[in-house]
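Engineer: Dumping the structure here so I can ask a few things about it.
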Amino acid sequence: MSEKNIPEAIKNITSDVEETAREVAAEVVNYADKSLAELSELFQNLKESADRMSRSKEAESIKSAFYKLLLKLKGENNVDDTEAGTNNPFEAVEQNFKALYADYKKERSDFNKQQEAQREENLKKKEAIIEELKAIVEGQDDVSAQFPAFREIQNRWREAGPVPATAFRNINDTYQFYVEKFYDMVKINRDLRDLDFKKNLEAKEAFCAAAEKLAENENVVNAFHELQKLHEQWKEFGPVAKEYRDDIWNRFKAATAVINKKYQAHFEELKGQQEDNLAAKTTLCERLEEIVGKEVKSSGEWNTLSKQIEELQAEWRKIGFATKKENQKIYDRFRAACDSFYARKRDFYTEFKDNMNENLEKKLDLIRQAEELKLSTDWKKATDLFISLQKRWKEIGPVPRKKSEQLWKKFRGACDEFFANRDANSTPENDFYGNLKAKKKLIDEILGFENCEDEGKKAEAMRSFNERWQAIGHVPFKEKDNIAKAFKEAMQEKFPFFSQNRGARNGSSAPRSLKDTLMEKYRALQQDVTTYENNIGFFSTSKNSEPLIQQMKERIEQAKAELKTLEEKIRQAEEGEQ
């Protein structure tokens, strides 16, 4: 192989890996997790570095990451800076970055112009040198006498510097052509010619040794780039003696092949790792999309799923880059799933807050009615109305936490005031404490009832007890719930289907089975659990709310225990119906 063809040989050996190197270099730094301030600081540091002009790709990567993040943050914060008067919290950092980038871009442009001008100047110098060499080769003088001038031309050629890439191959091929022609034509003392060949051989042997040393370098990327410099220097030296030409080139080519092979293997391994990273990230996307697709009904579920999302995001950050072709696509897929989840979560809490505000208005209306009714002396009618208001209060869902206790105290205060007045003004025909005593006595009588095998007598006794209970008037308000619960438990103990029969007597369209009764209670408890979990979601955003959260958790545990008991009773009831 002639030395004239060296550039083409190098190009054939290294063109593919050089392209891979350029692609990978742009992915070395991950800017996706950086903040706007961190990206601005990175750009400032780059702008102040001594090698800033050779880091243009890094500068563009930082710029791309900055504006991509800025656009995302503006979207999340509903910032539309195309409208006049828009409050833009990112304006200062954006203007600062624009100024930094504009300065860098101008400096880079000036630098490139200078470099290009210098390369054009170098090209003119080398063209002039070639004309001098051409004149020596084609001149009529004794070429051997021109050898010192030839050596001086070679020195000036090496010192001339790089030329524009478009002219590189042509100018070097032309120079090598006249150099070889000079050596072919020169008629000088053999010792002088051999001395020149010897110096060239020594230089190229040094290049071979340097290349072989690079082949042992563990940093294959650095070794590859250093090898390119050696190839450039190799081209600057003339030929060696003909008998050494093939051997010295084959030695240099062999060292080059070792480095290129390791370099290609390095990027093959890197590609394999990137494919593994892509598979791992694809799995995370699938897990994330499965979470996003779930139907969520409570604040507690949102909190649980949010923690799972955060864990997936943490795993994602531990995984390296995917392949260049797929890296941005898989990131966009993961980001889109995250955005979808958090958008749904925001919508849920917006709707939940709207419902709480509606509940707030409903409870305020009940408070107004209770305030208007609390001074009434129509004890019977007002008592029934207050009982209705209390029932409606329980049916209304949660209200904003800051208002909840205040509203309850106000409503309960109106109720307590009325019932305290009612009890204080009891008359013989409405003796509340006497009624309480009568009801307690009736409960004792129920508990003392002895069951018999005659179902007809048992049903008659149950109806009799219930009618006598209903005939007794109101009891003091503060005793109402306790005495009612005691009566129900006593009747349920002696007459297991008491609740079902009560439903039938109260106008149900059909007698309710024990299973229906249990299912109704089960659904009510489920609703209570949902309400408690929603409350925890709102309490967790406030300081000093741990006692309330603990109270809600205890209620949830108690309700879940009751749900398990009810599940067993429902199962037994189903078996009894078969």
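To be explicit about the labels: the chains of the structure tokens are called A, B, and onward in the order shown, and within each one the residues are counted from 1, while ligands get numbers from 1 in the order they are shown.
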Could you please write out, as an MDAnalysis selection string, every residue of region 150-221 of chain A that DSSP assigns to helix (DSSP H, G or I)?
Structural biologist: chainID A and resid 150:159 165:185 190:214 220:221
Engineer: Store the residues of this selection in a file with C-alpha atoms, as an mmCIF file, in the first residue's frame.
Structural biologist:
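Writing the result to selection06.cif gives the following:
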```
data_model
loop_
_atom_site.group_PDB
_atom_site.id
_atom_site.type_symbol
_atom_site.label_atom_id
_atom_site.label_comp_id
_atom_site.auth_asym_id
_atom_site.auth_seq_id
_atom_site.Cartn_x
_atom_site.Cartn_y
_atom_site.Cartn_z
ATOM 1 C CA PHE A 150 13.018 20.842 -0.162
ATOM 2 C CA ARG A 151 13.658 20.147 3.546
ATOM 3 C CA GLU A 152 12.719 23.736 4.376
ATOM 4 C CA ILE A 153 9.492 23.322 2.340
ATOM 5 C CA GLN A 154 8.629 20.192 4.349
ATOM 6 C CA ASN A 155 9.115 22.040 7.634
ATOM 7 C CA ARG A 156 6.971 24.950 6.502
ATOM 8 C CA TRP A 157 4.261 22.531 5.325
ATOM 9 C CA ARG A 158 4.065 20.853 8.755
ATOM 10 C CA GLU A 159 3.884 24.233 10.465
ATOM 11 C CA ALA A 165 -12.207 20.137 5.464
ATOM 12 C CA THR A 166 -13.426 20.386 1.846
ATOM 13 C CA ALA A 167 -9.888 21.060 0.626
ATOM 14 C CA PHE A 168 -7.994 18.701 2.974
ATOM 15 C CA ARG A 169 -7.831 15.577 0.835
ATOM 16 C CA ASN A 170 -7.041 17.304 -2.445
ATOM 17 C CA ILE A 171 -4.307 19.543 -1.002
ATOM 18 C CA ASN A 172 -2.616 16.626 0.806
ATOM 19 C CA ASP A 173 -2.810 14.297 -2.202
ATOM 20 C CA THR A 174 -1.248 16.976 -4.399
ATOM 21 C CA TYR A 175 1.542 17.598 -1.894
ATOM 22 C CA GLN A 176 2.303 13.881 -1.508
ATOM 23 C CA PHE A 177 2.358 13.529 -5.303
ATOM 24 C CA TYR A 178 5.088 16.148 -5.711
ATOM 25 C CA VAL A 179 7.023 14.892 -2.665
ATOM 26 C CA GLU A 180 7.199 11.392 -4.126
ATOM 27 C CA LYS A 181 8.006 12.805 -7.560
ATOM 28 C CA PHE A 182 10.853 14.802 -6.009
ATOM 29 C CA TYR A 183 12.328 11.686 -4.405
ATOM 30 C CA ASP A 184 11.931 9.738 -7.619
ATOM 31 C CA MET A 185 13.724 12.418 -9.618
ATOM 32 C CA ARG A 190 22.967 8.259 -1.774
ATOM 33 C CA ASP A 191 24.181 8.861 1.786
ATOM 34 C CA LEU A 192 22.133 12.122 1.972
ATOM 35 C CA ARG A 193 19.052 10.397 0.551
ATOM 36 C CA ASP A 194 19.465 7.458 2.932
ATOM 37 C CA LEU A 195 19.849 9.872 5.866
ATOM 38 C CA ASP A 196 16.512 11.510 5.007
ATOM 39 C CA PHE A 197 14.825 8.129 4.660
ATOM 40 C CA LYS A 198 16.365 7.091 7.979
ATOM 41 C CA LYS A 199 14.973 10.168 9.776
ATOM 42 C CA ASN A 200 11.526 9.484 8.339
ATOM 43 C CA LEU A 201 11.781 5.832 9.399
ATOM 44 C CA GLU A 202 12.785 6.807 12.937
ATOM 45 C CA ALA A 203 9.827 9.201 13.172
ATOM 46 C CA LYS A 204 7.403 6.580 11.882
ATOM 47 C CA GLU A 205 8.796 3.914 14.192
ATOM 48 C CA ALA A 206 8.112 6.332 17.060
ATOM 49 C CA PHE A 207 4.524 6.681 15.781
ATOM 50 C CA CYS A 208 4.200 2.889 15.700
ATOM 51 C CA ALA A 209 5.510 2.585 19.261
ATOM 52 C CA ALA A 210 3.102 5.295 20.416
ATOM 53 C CA ALA A 211 0.187 3.528 18.703
ATOM 54 C CA GLU A 212 1.162 0.180 20.263
ATOM 55 C CA LYS A 213 1.319 1.861 23.681
ATOM 56 C CA LEU A 214 -2.132 3.326 23.101
ATOM 57 C CA VAL A 220 -10.456 3.053 24.736
ATOM 58 C CA VAL A 221 -12.208 6.313 23.857
#
```
Engineer: Identify, on the basis of only C-alpha atoms, every residue whose closest approach to Glu76 (chain A) does not exceed 12 Å; exclude the query and any residue fewer than 3 positions from it along the same chain; express the result as a ChimeraX atom specification.
Structural biologist: /A:69-73,79-80,339,342-343,346
Engineer: Could you tell me how far CA of Ala160 (chain A) sits from CA of Ala135 (chain A), in Å to one decimal place?
Structural biologist: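 Distance reported for this atom pair: 19.2 Å.
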Engineer: Work out how far apart CA of Lys261 (chain A) and CA of Phe224 (chain A) are and give it in Å to one decimal.
Structural biologist: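 Atom-to-atom, CA of Lys261 (chain A) to CA of Phe224 (chain A), that is 10.1 Å.
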Engineer: Can you list, as a list in words, every protein, DNA or RNA residue that comes within 12 Å of Asp247 (chain A) when you count only C-alpha atoms, leaving out same-chain residues fewer than 2 positions away?
Structural biologist: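 The neighbour list is Met1, Ser2, Glu3, Leu201, Lys204, Glu205, Cys208, Val240, Ala241, Lys242, Glu243, Tyr244, Arg245, Trp249, Asn250, Arg251, Phe252, Lys253 and Ala254 of chain A.
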Engineer: Would you please work out which residue, of A:Pro162, A:Ala265, A:Glu445, A:Lys553, is nearest to Glu236 (chain A) when using only C-alpha atoms?
Structural biologist: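 Checking each candidate against Glu236 (chain A), we get A:Pro162 as the closest.
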Engineer: Env of Arg523 (chain A): 12 Å cut, atoms = only C-alpha atoms, seq-sep filter 3 positions within chain, self excluded. Answer as a count of residues only.
Structural biologist: 16
Engineer: When you look at region 317-329 of chain A with a cut-off of 8 Å (counting only C-alpha atoms), what residues show up, excluding the ones that are within fewer than 3 positions of it in the same chain? I need them as a list in words.
Structural biologist: Glu23, Val24, Glu27, Lys271, Gln273, Gln274, Glu275, Asp276, Asn277, Leu278, Ala280, Lys281, Gln313, Ala314, Asp332 and Arg333 of chain A
Engineer: With distances taken over only C-alpha atoms, which of A:Thr383, A:Asn482, A:Gln114, A:Gln492 is nearest to Leu447 (chain A)?
Structural biologist: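 Looking at the shortest contact to Leu447 (chain A), the residue is A:Gln492.
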Engineer: Just the residues within 12 Å of Asp354 (chain A), please, counting only C-alpha atoms, with nothing from its chain fewer than 6 positions along; format it as number ranges by chain.
Structural biologist: A: 347-348, 360-361, 397-400
Engineer: Save out the residues we just selected, C-alpha atoms, as a PDB file, in the first residue's frame.
Structural biologist:
```pdb
ATOM      1  CA  ASP A 347     -58.948  16.610  38.986  1.00  0.00           C
ATOM      2  CA  PHE A 348     -60.001  14.266  41.797  1.00  0.00           C
ATOM      3  CA  LEU A 360     -70.633  23.022  53.576  1.00  0.00           C
ATOM      4  CA  GLU A 361     -73.597  24.943  52.148  1.00  0.00           C
ATOM      5  CA  GLY A 397     -70.560  14.032  53.320  1.00  0.00           C
ATOM      6  CA  PRO A 398     -67.353  15.701  54.616  1.00  0.00           C
ATOM      7  CA  VAL A 399     -66.725  19.463  54.617  1.00  0.00           C
ATOM      8  CA  PRO A 400     -63.395  21.372  54.599  1.00  0.00           C
TER       9      PRO A 400
END
```
Engineer: Can you work out the spacing between CA of Ala215 (chain A) and CA of Thr256 (chain A) in Å, to one decimal?
Structural biologist: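 Pair CA of Ala215 (chain A) / CA of Thr256 (chain A) returns 8.0 Å.
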Engineer: For Ala255 (chain A), which residue among A:Phe237, A:Leu227, A:Glu568, A:Ser109 is the nearest when counting only C-alpha atoms?
Structural biologist: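 Among the listed residues, the smallest separation from Ala255 (chain A) belongs to A:Leu227.
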Engineer: Would you list the contacts of region 32-46 of chain A as a PDB file with N, CA and C atoms, in the first residue's frame, taking every protein, DNA or RNA residue within 7 Å and counting only C-alpha atoms, but skipping same-chain residues closer than 6 positions in sequence?
Structural biologist:
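Heads up, here's the output in around-v9.pdb:
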```
ATOM      1  N   ARG A  52     -14.156  26.295  26.101  1.00  0.00           N
ATOM      2  CA  ARG A  52     -15.574  26.505  25.784  1.00  0.00           C
ATOM      3  C   ARG A  52     -15.888  26.434  24.283  1.00  0.00           C
ATOM      4  N   ALA A  59     -23.033  22.770  24.967  1.00  0.00           N
ATOM      5  CA  ALA A  59     -23.796  24.004  25.181  1.00  0.00           C
ATOM      6  C   ALA A  59     -25.207  23.882  24.617  1.00  0.00           C
ATOM      7  N   ILE A  62     -27.366  21.643  26.879  1.00  0.00           N
ATOM      8  CA  ILE A  62     -27.846  22.363  28.073  1.00  0.00           C
ATOM      9  C   ILE A  62     -28.987  23.296  27.697  1.00  0.00           C
ATOM     10  N   ALA A  65     -32.184  21.276  27.099  1.00  0.00           N
ATOM     11  CA  ALA A  65     -32.764  20.815  28.366  1.00  0.00           C
ATOM     12  C   ALA A  65     -33.414  21.972  29.124  1.00  0.00           C
ATOM     13  N   PHE A  66     -32.779  23.153  29.096  1.00  0.00           N
ATOM     14  CA  PHE A  66     -33.311  24.324  29.819  1.00  0.00           C
ATOM     15  C   PHE A  66     -34.687  24.720  29.274  1.00  0.00           C
ATOM     16  N   PHE A  97     -30.658  33.343  31.340  1.00  0.00           N
ATOM     17  CA  PHE A  97     -30.130  32.292  30.465  1.00  0.00           C
ATOM     18  C   PHE A  97     -30.024  32.798  29.026  1.00  0.00           C
TER      19      PHE A  97
END
```
Engineer: Using only C-alpha atoms for the distances, tell me which of A:Phe267, A:Met53, A:Glu138, A:Ala382 is nearest to Tyr104 (chain A).
Structural biologist: A:Met53
Engineer: Restricting the calculation to only C-alpha atoms, which member of A:Leu385, A:Thr565, A:Asp444, A:Lys478 is positioned closest to Phe419 (chain A)?
Structural biologist: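 Looking at the shortest contact to Phe419 (chain A), the residue is A:Lys478.
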